[in-house]
Structures are given as C-alpha cells and as structure tokens.
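See below for data_23.pdb, which holds PDB, C-alpha atoms and all ligand atoms.
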ATOM      1  CA  MET C   3      -1.112  15.355  16.411  1.00  0.00           C
ATOM      2  CA  ALA C   4       0.738  18.542  15.637  1.00  0.00           C
ATOM      3  CA  ASP C   5       4.212  17.457  14.634  1.00  0.00           C
ATOM      4  CA  ASP C   6       5.380  17.254  11.046  1.00  0.00           C
ATOM      5  CA  LEU C   7       6.534  13.871   9.823  1.00  0.00           C
ATOM      6  CA  LYS C   8      10.210  13.271  10.539  1.00  0.00           C
ATOM      7  CA  ILE C   9      11.826  12.298   7.218  1.00  0.00           C
ATOM      8  CA  SER C  10      14.856   9.982   7.137  1.00  0.00           C
ATOM      9  CA  THR C  11      17.542  10.323   4.479  1.00  0.00           C
ATOM     10  CA  GLY C  12      19.167   6.974   5.333  1.00  0.00           C
ATOM     11  CA  THR C  13      18.893   3.531   3.798  1.00  0.00           C
ATOM     12  CA  LYS C  14      15.543   2.046   2.865  1.00  0.00           C
ATOM     13  CA  SER C  15      15.421   0.127   6.165  1.00  0.00           C
ATOM     14  CA  GLU C  16      16.300   3.250   8.132  1.00  0.00           C
ATOM     15  CA  LYS C  17      13.528   5.127   6.357  1.00  0.00           C
ATOM     16  CA  TYR C  18      10.989   2.487   7.340  1.00  0.00           C
ATOM     17  CA  GLN C  19      12.375   2.301  10.890  1.00  0.00           C
ATOM     18  CA  THR C  20      11.901   6.050  11.267  1.00  0.00           C
ATOM     19  CA  LEU C  21       8.456   5.914   9.689  1.00  0.00           C
ATOM     20  CA  VAL C  22       6.828   2.918  11.405  1.00  0.00           C
ATOM     21  CA  PRO C  23       6.692   4.399  14.948  1.00  0.00           C
ATOM     22  CA  GLN C  24       5.361   7.648  13.528  1.00  0.00           C
ATOM     23  CA  ILE C  25       2.601   5.792  11.687  1.00  0.00           C
ATOM     24  CA  LYS C  26       1.849   3.917  14.899  1.00  0.00           C
ATOM     25  CA  ALA C  27       1.466   7.233  16.702  1.00  0.00           C
ATOM     26  CA  LEU C  28      -0.751   8.593  13.922  1.00  0.00           C
ATOM     27  CA  LEU C  29      -3.086   5.596  14.212  1.00  0.00           C
ATOM     28  CA  GLU C  30      -3.296   5.582  17.982  1.00  0.00           C
ATOM     29  CA  GLY C  31      -6.592   6.877  19.305  1.00  0.00           C
ATOM     30  CA  GLU C  32      -8.280   6.942  15.883  1.00  0.00           C
ATOM     31  CA  ASN C  33     -10.542   4.103  14.800  1.00  0.00           C
ATOM     32  CA  ASP C  34     -11.901   5.506  11.544  1.00  0.00           C
ATOM     33  CA  LEU C  35     -10.561   3.312   8.759  1.00  0.00           C
ATOM     34  CA  ILE C  36     -10.674   5.952   6.002  1.00  0.00           C
ATOM     35  CA  ALA C  37      -8.911   8.519   8.181  1.00  0.00           C
ATOM     36  CA  ASN C  38      -6.201   6.020   9.067  1.00  0.00           C
ATOM     37  CA  LEU C  39      -5.678   4.770   5.504  1.00  0.00           C
ATOM     38  CA  GLY C  40      -5.468   8.389   4.349  1.00  0.00           C
ATOM     39  CA  ASN C  41      -2.721   9.175   6.816  1.00  0.00           C
ATOM     40  CA  VAL C  42      -0.814   5.951   6.063  1.00  0.00           C
ATOM     41  CA  SER C  43      -0.875   6.799   2.331  1.00  0.00           C
ATOM     42  CA  ALA C  44       0.293  10.350   3.002  1.00  0.00           C
ATOM     43  CA  ALA C  45       3.081   9.265   5.350  1.00  0.00           C
ATOM     44  CA  LEU C  46       4.447   6.706   2.854  1.00  0.00           C
ATOM     45  CA  LYS C  47       4.256   9.222   0.009  1.00  0.00           C
ATOM     46  CA  GLU C  48       6.010  11.896   2.071  1.00  0.00           C
ATOM     47  CA  GLN C  49       8.880   9.645   3.170  1.00  0.00           C
ATOM     48  CA  PHE C  50       9.496   7.782  -0.090  1.00  0.00           C
ATOM     49  CA  ASN C  51       7.955  10.012  -2.739  1.00  0.00           C
ATOM     50  CA  PHE C  52       6.498   6.950  -4.469  1.00  0.00           C
ATOM     51  CA  LEU C  53       4.629   7.658  -7.707  1.00  0.00           C
ATOM     52  CA  TRP C  54       1.409   6.257  -6.242  1.00  0.00           C
ATOM     53  CA  VAL C  55       0.560   4.758  -2.881  1.00  0.00           C
ATOM     54  CA  GLY C  56      -2.876   3.823  -1.710  1.00  0.00           C
ATOM     55  CA  PHE C  57      -5.556   1.348  -0.873  1.00  0.00           C
ATOM     56  CA  TYR C  58      -8.235  -0.551  -2.717  1.00  0.00           C
ATOM     57  CA  LEU C  59     -10.997  -1.987  -0.520  1.00  0.00           C
ATOM     58  CA  VAL C  60     -13.169  -5.023  -1.312  1.00  0.00           C
ATOM     59  CA  LYS C  61     -16.798  -3.967  -1.813  1.00  0.00           C
ATOM     60  CA  ASN C  62     -19.428  -6.203  -3.433  1.00  0.00           C
ATOM     61  CA  ASP C  63     -16.751  -8.543  -4.764  1.00  0.00           C
ATOM     62  CA  GLU C  64     -14.692  -5.811  -6.438  1.00  0.00           C
ATOM     63  CA  LEU C  65     -11.711  -3.761  -5.347  1.00  0.00           C
ATOM     64  CA  VAL C  66     -12.818  -0.141  -5.086  1.00  0.00           C
ATOM     65  CA  LEU C  67     -10.380   2.749  -4.897  1.00  0.00           C
ATOM     66  CA  GLY C  68      -9.816   4.004  -1.353  1.00  0.00           C
ATOM     67  CA  PRO C  69      -7.528   6.628   0.182  1.00  0.00           C
ATOM     68  CA  PHE C  70      -4.399   7.235  -1.886  1.00  0.00           C
ATOM     69  CA  GLN C  71      -1.698   9.726  -2.817  1.00  0.00           C
ATOM     70  CA  GLY C  72      -0.592  10.236  -6.408  1.00  0.00           C
ATOM     71  CA  PRO C  73      -2.113  10.577  -9.866  1.00  0.00           C
ATOM     72  CA  VAL C  74      -5.783   9.744 -10.444  1.00  0.00           C
ATOM     73  CA  ALA C  75      -6.362   5.996 -10.662  1.00  0.00           C
ATOM     74  CA  CYS C  76      -8.846   3.437 -11.927  1.00  0.00           C
ATOM     75  CA  THR C  77     -11.694   3.066  -9.453  1.00  0.00           C
ATOM     76  CA  ARG C  78     -12.659  -0.605  -9.737  1.00  0.00           C
ATOM     77  CA  ILE C  79     -10.628  -3.790 -10.193  1.00  0.00           C
ATOM     78  CA  LYS C  80     -12.100  -7.271 -10.488  1.00  0.00           C
ATOM     79  CA  LYS C  81     -10.752 -10.283  -8.611  1.00  0.00           C
ATOM     80  CA  GLY C  82      -7.788 -11.768 -10.451  1.00  0.00           C
ATOM     81  CA  LYS C  83      -7.301  -8.697 -12.662  1.00  0.00           C
ATOM     82  CA  GLY C  84      -4.053  -6.747 -12.676  1.00  0.00           C
ATOM     83  CA  VAL C  85      -1.542  -6.967  -9.877  1.00  0.00           C
ATOM     84  CA  CYS C  86      -4.051  -5.844  -7.244  1.00  0.00           C
ATOM     85  CA  GLY C  87      -6.667  -8.382  -8.312  1.00  0.00           C
ATOM     86  CA  ALA C  88      -4.038 -11.138  -8.440  1.00  0.00           C
ATOM     87  CA  SER C  89      -2.827 -10.296  -4.924  1.00  0.00           C
ATOM     88  CA  TRP C  90      -6.442 -10.495  -3.736  1.00  0.00           C
ATOM     89  CA  ALA C  91      -7.151 -13.794  -5.523  1.00  0.00           C
ATOM     90  CA  GLU C  92      -3.881 -15.424  -4.470  1.00  0.00           C
ATOM     91  CA  LYS C  93      -3.833 -13.866  -0.966  1.00  0.00           C
ATOM     92  CA  LYS C  94      -0.168 -13.074  -1.330  1.00  0.00           C
ATOM     93  CA  ILE C  95       2.246 -10.206  -1.697  1.00  0.00           C
ATOM     94  CA  ILE C  96       3.179  -9.598  -5.341  1.00  0.00           C
ATOM     95  CA  LEU C  97       6.419  -7.858  -6.279  1.00  0.00           C
ATOM     96  CA  VAL C  98       6.550  -6.659  -9.879  1.00  0.00           C
ATOM     97  CA  PRO C  99      10.030  -5.465 -10.914  1.00  0.00           C
ATOM     98  CA  ASP C 100       8.819  -4.502 -14.400  1.00  0.00           C
ATOM     99  CA  VAL C 101       5.121  -3.848 -14.922  1.00  0.00           C
ATOM    100  CA  GLU C 102       5.442  -4.401 -18.673  1.00  0.00           C
ATOM    101  CA  ALA C 103       6.453  -7.980 -17.971  1.00  0.00           C
ATOM    102  CA  PHE C 104       3.381  -8.663 -15.791  1.00  0.00           C
ATOM    103  CA  PRO C 105       0.559 -10.107 -17.913  1.00  0.00           C
ATOM    104  CA  GLY C 106      -2.651  -8.130 -17.374  1.00  0.00           C
ATOM    105  CA  HIS C 107      -1.053  -5.272 -15.482  1.00  0.00           C
ATOM    106  CA  ILE C 108      -3.536  -2.388 -15.255  1.00  0.00           C
ATOM    107  CA  ALA C 109      -1.735   0.784 -16.291  1.00  0.00           C
ATOM    108  CA  CYS C 110      -3.440   3.523 -14.297  1.00  0.00           C
ATOM    109  CA  SER C 111      -0.420   5.750 -14.899  1.00  0.00           C
ATOM    110  CA  SER C 112       1.910   5.441 -17.872  1.00  0.00           C
ATOM    111  CA  ALA C 113       4.761   6.530 -15.576  1.00  0.00           C
ATOM    112  CA  SER C 114       4.523   3.402 -13.412  1.00  0.00           C
ATOM    113  CA  ARG C 115       7.456   0.998 -13.908  1.00  0.00           C
ATOM    114  CA  SER C 116       7.432  -1.315 -10.886  1.00  0.00           C
ATOM    115  CA  GLU C 117       5.108  -2.071  -8.011  1.00  0.00           C
ATOM    116  CA  ILE C 118       4.315  -4.041  -4.901  1.00  0.00           C
ATOM    117  CA  VAL C 119       0.857  -5.085  -3.770  1.00  0.00           C
ATOM    118  CA  ILE C 120       0.113  -6.421  -0.295  1.00  0.00           C
ATOM    119  CA  PRO C 121      -3.212  -8.046   0.592  1.00  0.00           C
ATOM    120  CA  ILE C 122      -4.975  -6.942   3.781  1.00  0.00           C
ATOM    121  CA  ILE C 123      -6.355 -10.089   5.410  1.00  0.00           C
ATOM    122  CA  ASP C 124      -8.817 -10.034   8.313  1.00  0.00           C
ATOM    123  CA  SER C 125      -9.063 -12.448  11.242  1.00  0.00           C
ATOM    124  CA  SER C 126     -11.419 -14.688   9.201  1.00  0.00           C
ATOM    125  CA  GLU C 127      -8.712 -15.012   6.515  1.00  0.00           C
ATOM    126  CA  ARG C 128     -10.715 -12.883   4.100  1.00  0.00           C
ATOM    127  CA  VAL C 129      -8.974 -10.280   1.947  1.00  0.00           C
ATOM    128  CA  ILE C 130     -10.597  -6.942   2.786  1.00  0.00           C
ATOM    129  CA  GLY C 131      -8.390  -4.818   0.557  1.00  0.00           C
ATOM    130  CA  VAL C 132      -4.886  -4.278  -0.781  1.00  0.00           C
ATOM    131  CA  LEU C 133      -2.097  -1.762  -0.369  1.00  0.00           C
ATOM    132  CA  ASP C 134      -0.675  -0.838  -3.790  1.00  0.00           C
ATOM    133  CA  VAL C 135       2.615   1.048  -4.145  1.00  0.00           C
ATOM    134  CA  ASP C 136       3.899   2.105  -7.568  1.00  0.00           C
ATOM    135  CA  SER C 137       7.275   3.528  -8.585  1.00  0.00           C
ATOM    136  CA  GLU C 138       8.518   5.426 -11.620  1.00  0.00           C
ATOM    137  CA  GLU C 139      11.683   3.309 -11.569  1.00  0.00           C
ATOM    138  CA  LEU C 140      12.180  -0.333 -12.471  1.00  0.00           C
ATOM    139  CA  ASP C 141      12.809  -2.843  -9.684  1.00  0.00           C
ATOM    140  CA  SER C 142      12.098  -0.474  -6.795  1.00  0.00           C
ATOM    141  CA  PHE C 143      10.703  -3.004  -4.340  1.00  0.00           C
ATOM    142  CA  ASP C 144      12.120  -5.982  -2.471  1.00  0.00           C
ATOM    143  CA  GLU C 145      11.650  -8.074   0.655  1.00  0.00           C
ATOM    144  CA  THR C 146      12.450  -5.069   2.854  1.00  0.00           C
ATOM    145  CA  ASP C 147       9.407  -3.243   1.468  1.00  0.00           C
ATOM    146  CA  ALA C 148       7.299  -6.398   1.781  1.00  0.00           C
ATOM    147  CA  THR C 149       8.236  -6.776   5.446  1.00  0.00           C
ATOM    148  CA  TYR C 150       7.781  -3.191   6.551  1.00  0.00           C
ATOM    149  CA  LEU C 151       4.652  -2.536   4.497  1.00  0.00           C
ATOM    150  CA  SER C 152       3.118  -5.694   6.010  1.00  0.00           C
ATOM    151  CA  ASP C 153       4.014  -4.370   9.473  1.00  0.00           C
ATOM    152  CA  ILE C 154       2.327  -1.075   8.628  1.00  0.00           C
ATOM    153  CA  ILE C 155      -0.813  -2.892   7.447  1.00  0.00           C
ATOM    154  CA  ASN C 156      -0.871  -4.830  10.698  1.00  0.00           C
ATOM    155  CA  LEU C 157      -0.792  -1.553  12.605  1.00  0.00           C
ATOM    156  CA  VAL C 158      -3.884  -0.438  10.695  1.00  0.00           C
ATOM    157  CA  GLY C 159      -5.494  -3.838  11.254  1.00  0.00           C
ATOM    158  CA  PHE C 160      -5.148  -3.551  14.997  1.00  0.00           C
ATOM    159  CA  ASN C 161      -7.164  -0.374  14.846  1.00  0.00           C
ATOM    160  CA  LEU C 162      -9.981  -1.929  12.842  1.00  0.00           C
ATOM    161  CA  GLY C 163     -13.211  -2.097  14.787  1.00  0.00           C
ATOM    162  CA  LYS C 164     -11.709  -0.672  17.973  1.00  0.00           C
TER     163      LYS C 164
HETATM  164  N1  LIG C 201      -1.216  -1.271 -10.812  1.00  0.00           N
HETATM  165  C1  LIG C 201      -2.455  -1.823 -10.465  1.00  0.00           C
HETATM  166  C2  LIG C 201      -3.606  -0.951 -10.834  1.00  0.00           C
HETATM  167  C3  LIG C 201      -3.819   0.137  -9.867  1.00  0.00           C
HETATM  168  S1  LIG C 201      -2.902   1.482 -10.157  1.00  0.00           S
HETATM  169  O1  LIG C 201      -1.549   1.230 -10.487  1.00  0.00           O
HETATM  170  C4  LIG C 201      -3.069   2.626  -9.013  1.00  0.00           C
HETATM  171  C5  LIG C 201      -2.688  -3.209 -10.978  1.00  0.00           C
HETATM  172  O2  LIG C 201      -2.258  -3.638 -12.057  1.00  0.00           O
HETATM  173  O3  LIG C 201      -3.331  -3.913 -10.236  1.00  0.00           O
END
Show me this structure written as structure tokens.
Amino acid sequence: MADDLKISTGTKSEKYQTLVPQIKALLEGENDLIANLGNVSAALKEQFNFLWVGFYLVKNDELVLGPFQGPVACTRIKKGKGVCGASWAEKKIILVPDVEAFPGHIACSSASRSEIVIPIIDSSERVIGVLDVDSEELDSFDETDATYLSDIINLVGFNLGK
C-alpha cells in the first residue's frame, strides 16, 4: 500500500462512497486487528476530520481504549456507562445530536458536541467492541453515517480471524 488516501470534497454520501473501497483495499491481506482498526481510524479522520474517531474493545467485561485518532481519551468504560457503554449494553447504534442532553455522557474532550457509537457484534451475537465518532459540532451524524460506518465495521469483521 503506497498510495495516499483519495479525499472527496463532495456530499457526505460521496465522501463515504470514495472512502469505503479504499478502506476495503487497506484491509485486504492484513489480518491483524489492531493494525486494521488503526488504519480505519486514520482513514475516517483524514476524510472527515472528526474531532475523535476510534475503537473501544471489550476486555474482561469493560470497554478498553483501542486504536484511535484525536485527543487523548478515557481508557476504560463500564457496560451501560456513557454512550459507548449504552451502545454495548443495548447492542444498538446510538446517535447523540447533543452530548449535553445525553444523561451520563462521558466527556473525554470538552470540545465534543455530538457523537455516534456503533457496536461491533461477532457471529455469536456478542459485542466485542464499539466504534465511537465524536464531532465538535452539534447534530453531525445521521442515518447516512450509521449505514456507512456499519458497512466499514463489517469490512473489518470479515478480516477477523482470517
Ligand atoms: N463519548 C464517549 C466516551 C468516549 S470519548 O468521547 C472518546 C461516551 O460517552 O461513551
């Protein structure tokens, strides 16, 4: 892999449509989870310049900070706590248009205003981690993000254990 990431300046959907095949190419031929999550975080950060984008992985019944791009973050989150812990407990995507209106939101960065968290679910229906994306602007995320970010997680999933 030698090419720089091709950055789209189009609509949100166009940005994802340009990015997804490039992420697919980045993941192909690599089966190391940390390497792949690192590159997925970097690619999303480079295309969208999100405040924070990264992964928490379930270890010993806690979410533990994994590969990410952005300001330093809290390292451990308990099940049900914050947006990440709620996404884990409820096994569902959570869109938060205004973090101040989300009870129990964990403010790793005071600049965060809105976020989306997507659970990563394995073939046994267990949550193995979450993808957390934070923005400095209110109401940054919608169903388009939910759809494409889920697709990106599935690309990583297909590489798990290969
Ligand atoms: N926003 C998260 C905490 C993690 S940081 O934002 C990186 C939450 O409330 O779950």
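Each of C:Ala75, C:Ala148, C:Ser125, C:Ile108 was compared to Tyr58 in chain C using all atoms listed in the file, and C:Ala75 turns out to be the nearest.
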List as a Markdown table every residue of chain C that is in contact with ligand LIG 201 (chain C), defined as an atom at most 10 Å from one of its atoms (using all atoms listed in the file), together with the nearest atom pair and the distance in Å rounded to one decimal, sorted by chain and then rising number.
| residue | atom | partner | partner_atom | distance |
| --- | --- | --- | --- | --- |
| C:Leu53 | CA | C:LIG201 | C4 | 9.3 |
| C:Trp54 | CA | C:LIG201 | C4 | 6.4 |
| C:Val55 | CA | C:LIG201 | C4 | 7.4 |
| C:Gly56 | CA | C:LIG201 | C4 | 7.4 |
| C:Phe57 | CA | C:LIG201 | C4 | 8.6 |
| C:Tyr58 | CA | C:LIG201 | C3 | 8.4 |
| C:Leu65 | CA | C:LIG201 | O3 | 9.7 |
| C:Leu67 | CA | C:LIG201 | C4 | 8.4 |
| C:Phe70 | CA | C:LIG201 | C4 | 8.6 |
| C:Gln71 | CA | C:LIG201 | C4 | 9.5 |
| C:Gly72 | CA | C:LIG201 | C4 | 8.4 |
| C:Pro73 | CA | C:LIG201 | C4 | 8.1 |
| C:Val74 | CA | C:LIG201 | C4 | 7.8 |
| C:Ala75 | CA | C:LIG201 | C4 | 5.0 |
| C:Cys76 | CA | C:LIG201 | C3 | 6.4 |
| C:Thr77 | CA | C:LIG201 | C3 | 8.4 |
| C:Arg78 | CA | C:LIG201 | C3 | 8.9 |
| C:Ile79 | CA | C:LIG201 | O3 | 7.3 |
| C:Lys80 | CA | C:LIG201 | O3 | 9.4 |
| C:Lys81 | CA | C:LIG201 | O3 | 9.9 |
| C:Gly82 | CA | C:LIG201 | O3 | 9.0 |
| C:Lys83 | CA | C:LIG201 | O3 | 6.7 |
| C:Gly84 | CA | C:LIG201 | O2 | 3.6 |
| C:Val85 | CA | C:LIG201 | O3 | 3.6 |
| C:Cys86 | CA | C:LIG201 | O3 | 3.6 |
| C:Gly87 | CA | C:LIG201 | O3 | 5.9 |
| C:Ala88 | CA | C:LIG201 | O3 | 7.5 |
| C:Ser89 | CA | C:LIG201 | O3 | 8.3 |
| C:Trp90 | CA | C:LIG201 | O3 | 9.8 |
| C:Ile96 | CA | C:LIG201 | O3 | 9.9 |
| C:Val98 | CA | C:LIG201 | N1 | 9.5 |
| C:Val101 | CA | C:LIG201 | O2 | 7.9 |
| C:Phe104 | CA | C:LIG201 | O2 | 8.4 |
| C:Pro105 | CA | C:LIG201 | O2 | 9.2 |
| C:Gly106 | CA | C:LIG201 | O2 | 7.0 |
| C:His107 | CA | C:LIG201 | O2 | 4.0 |
| C:Ile108 | CA | C:LIG201 | O2 | 3.7 |
| C:Ala109 | CA | C:LIG201 | O1 | 5.8 |
| C:Cys110 | CA | C:LIG201 | S1 | 4.6 |
| C:Ser111 | CA | C:LIG201 | O1 | 6.4 |
| C:Ser112 | CA | C:LIG201 | O1 | 9.2 |
| C:Ala113 | CA | C:LIG201 | O1 | 9.7 |
| C:Ser114 | CA | C:LIG201 | O1 | 7.1 |
| C:Arg115 | CA | C:LIG201 | N1 | 9.5 |
| C:Ser116 | CA | C:LIG201 | N1 | 8.6 |
| C:Glu117 | CA | C:LIG201 | N1 | 7.0 |
| C:Ile118 | CA | C:LIG201 | N1 | 8.6 |
| C:Val119 | CA | C:LIG201 | O3 | 7.8 |
| C:Val132 | CA | C:LIG201 | O3 | 9.6 |
| C:Leu133 | CA | C:LIG201 | C4 | 9.7 |
| C:Asp134 | CA | C:LIG201 | C4 | 6.7 |
| C:Val135 | CA | C:LIG201 | O1 | 7.6 |
| C:Asp136 | CA | C:LIG201 | O1 | 6.2 |
| C:Ser137 | CA | C:LIG201 | O1 | 9.3 |
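Pairwise distance (CA of Lys8 in chain C, CA of Leu29 in chain C) equals 15.8 Å.
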Subject >> Exercise: Arg128 in chain C partners within 10 Å, only C-alpha atoms, chain neighbours under 5 positions left out, as JSON, numbers by chain >> reply: {"C": [60, 90, 93, 121, 122, 123]}
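CA of Ala45 in chain C sits 22.9 Å away from CA of Asp124 in chain C.
Closest approach to Lys94 in chain C among C:Asn33, C:Thr20, C:Ser15, C:Ser152 is made by C:Ser152 (distances from only C-alpha atoms).
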Original post:
Can you tell me, as a ChimeraX atom specification, which residues sit within 12 Å of (6.1, 8.2, 15.1) in the file's frame, using all atoms listed in the file?
Top reply: /C:3-10,17-30,42,45,154
Selection from above, C-alpha atoms, as a PDB file, in the coordinates of the input, can you write it?
ATOM      1  CA  MET C   3      -1.112  15.355  16.411  1.00  0.00           C
ATOM      2  CA  ALA C   4       0.738  18.542  15.637  1.00  0.00           C
ATOM      3  CA  ASP C   5       4.212  17.457  14.634  1.00  0.00           C
ATOM      4  CA  ASP C   6       5.380  17.254  11.046  1.00  0.00           C
ATOM      5  CA  LEU C   7       6.534  13.871   9.823  1.00  0.00           C
ATOM      6  CA  LYS C   8      10.210  13.271  10.539  1.00  0.00           C
ATOM      7  CA  ILE C   9      11.826  12.298   7.218  1.00  0.00           C
ATOM      8  CA  SER C  10      14.856   9.982   7.137  1.00  0.00           C
ATOM      9  CA  LYS C  17      13.528   5.127   6.357  1.00  0.00           C
ATOM     10  CA  TYR C  18      10.989   2.487   7.340  1.00  0.00           C
ATOM     11  CA  GLN C  19      12.375   2.301  10.890  1.00  0.00           C
ATOM     12  CA  THR C  20      11.901   6.050  11.267  1.00  0.00           C
ATOM     13  CA  LEU C  21       8.456   5.914   9.689  1.00  0.00           C
ATOM     14  CA  VAL C  22       6.828   2.918  11.405  1.00  0.00           C
ATOM     15  CA  PRO C  23       6.692   4.399  14.948  1.00  0.00           C
ATOM     16  CA  GLN C  24       5.361   7.648  13.528  1.00  0.00           C
ATOM     17  CA  ILE C  25       2.601   5.792  11.687  1.00  0.00           C
ATOM     18  CA  LYS C  26       1.849   3.917  14.899  1.00  0.00           C
ATOM     19  CA  ALA C  27       1.466   7.233  16.702  1.00  0.00           C
ATOM     20  CA  LEU C  28      -0.751   8.593  13.922  1.00  0.00           C
ATOM     21  CA  LEU C  29      -3.086   5.596  14.212  1.00  0.00           C
ATOM     22  CA  GLU C  30      -3.296   5.582  17.982  1.00  0.00           C
ATOM     23  CA  VAL C  42      -0.814   5.951   6.063  1.00  0.00           C
ATOM     24  CA  ALA C  45       3.081   9.265   5.350  1.00  0.00           C
ATOM     25  CA  ILE C 154       2.327  -1.075   8.628  1.00  0.00           C
TER      26      ILE C 154
END
**OP:** For CA of Ile120 in chain C and CA of Glu32 in chain C, determine how far apart the two atoms are, in Å to one decimal place.
**Re:**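 Straight-line distance from CA of Ile120 in chain C to CA of Glu32 in chain C works out to 22.6 Å.
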**OP:** Pick out the closest residue to Val158 in chain C from this set: C:Pro99, C:Gly12, C:Gly40, C:Gly68. Count all atoms listed in the file.
**Re:** C:Gly40
Original post:
Between C:Gly131, C:Ala37, C:Gln49, C:Asn62, which has the minimum distance to Thr13 in chain C (counting all atoms listed in the file)?
Top reply: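 Of C:Gly131, C:Ala37, C:Gln49, C:Asn62, the one nearest Thr13 in chain C, counting all atoms listed in the file, is C:Gln49.
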Original post:
Got a sec to resolve the PyMOL selection byres (((chain C and resi 141) around 7) and not hetatm) on this structure and send the residues as a ChimeraX atom specification?
Top reply: /C:99-100,116,139-140,142-143
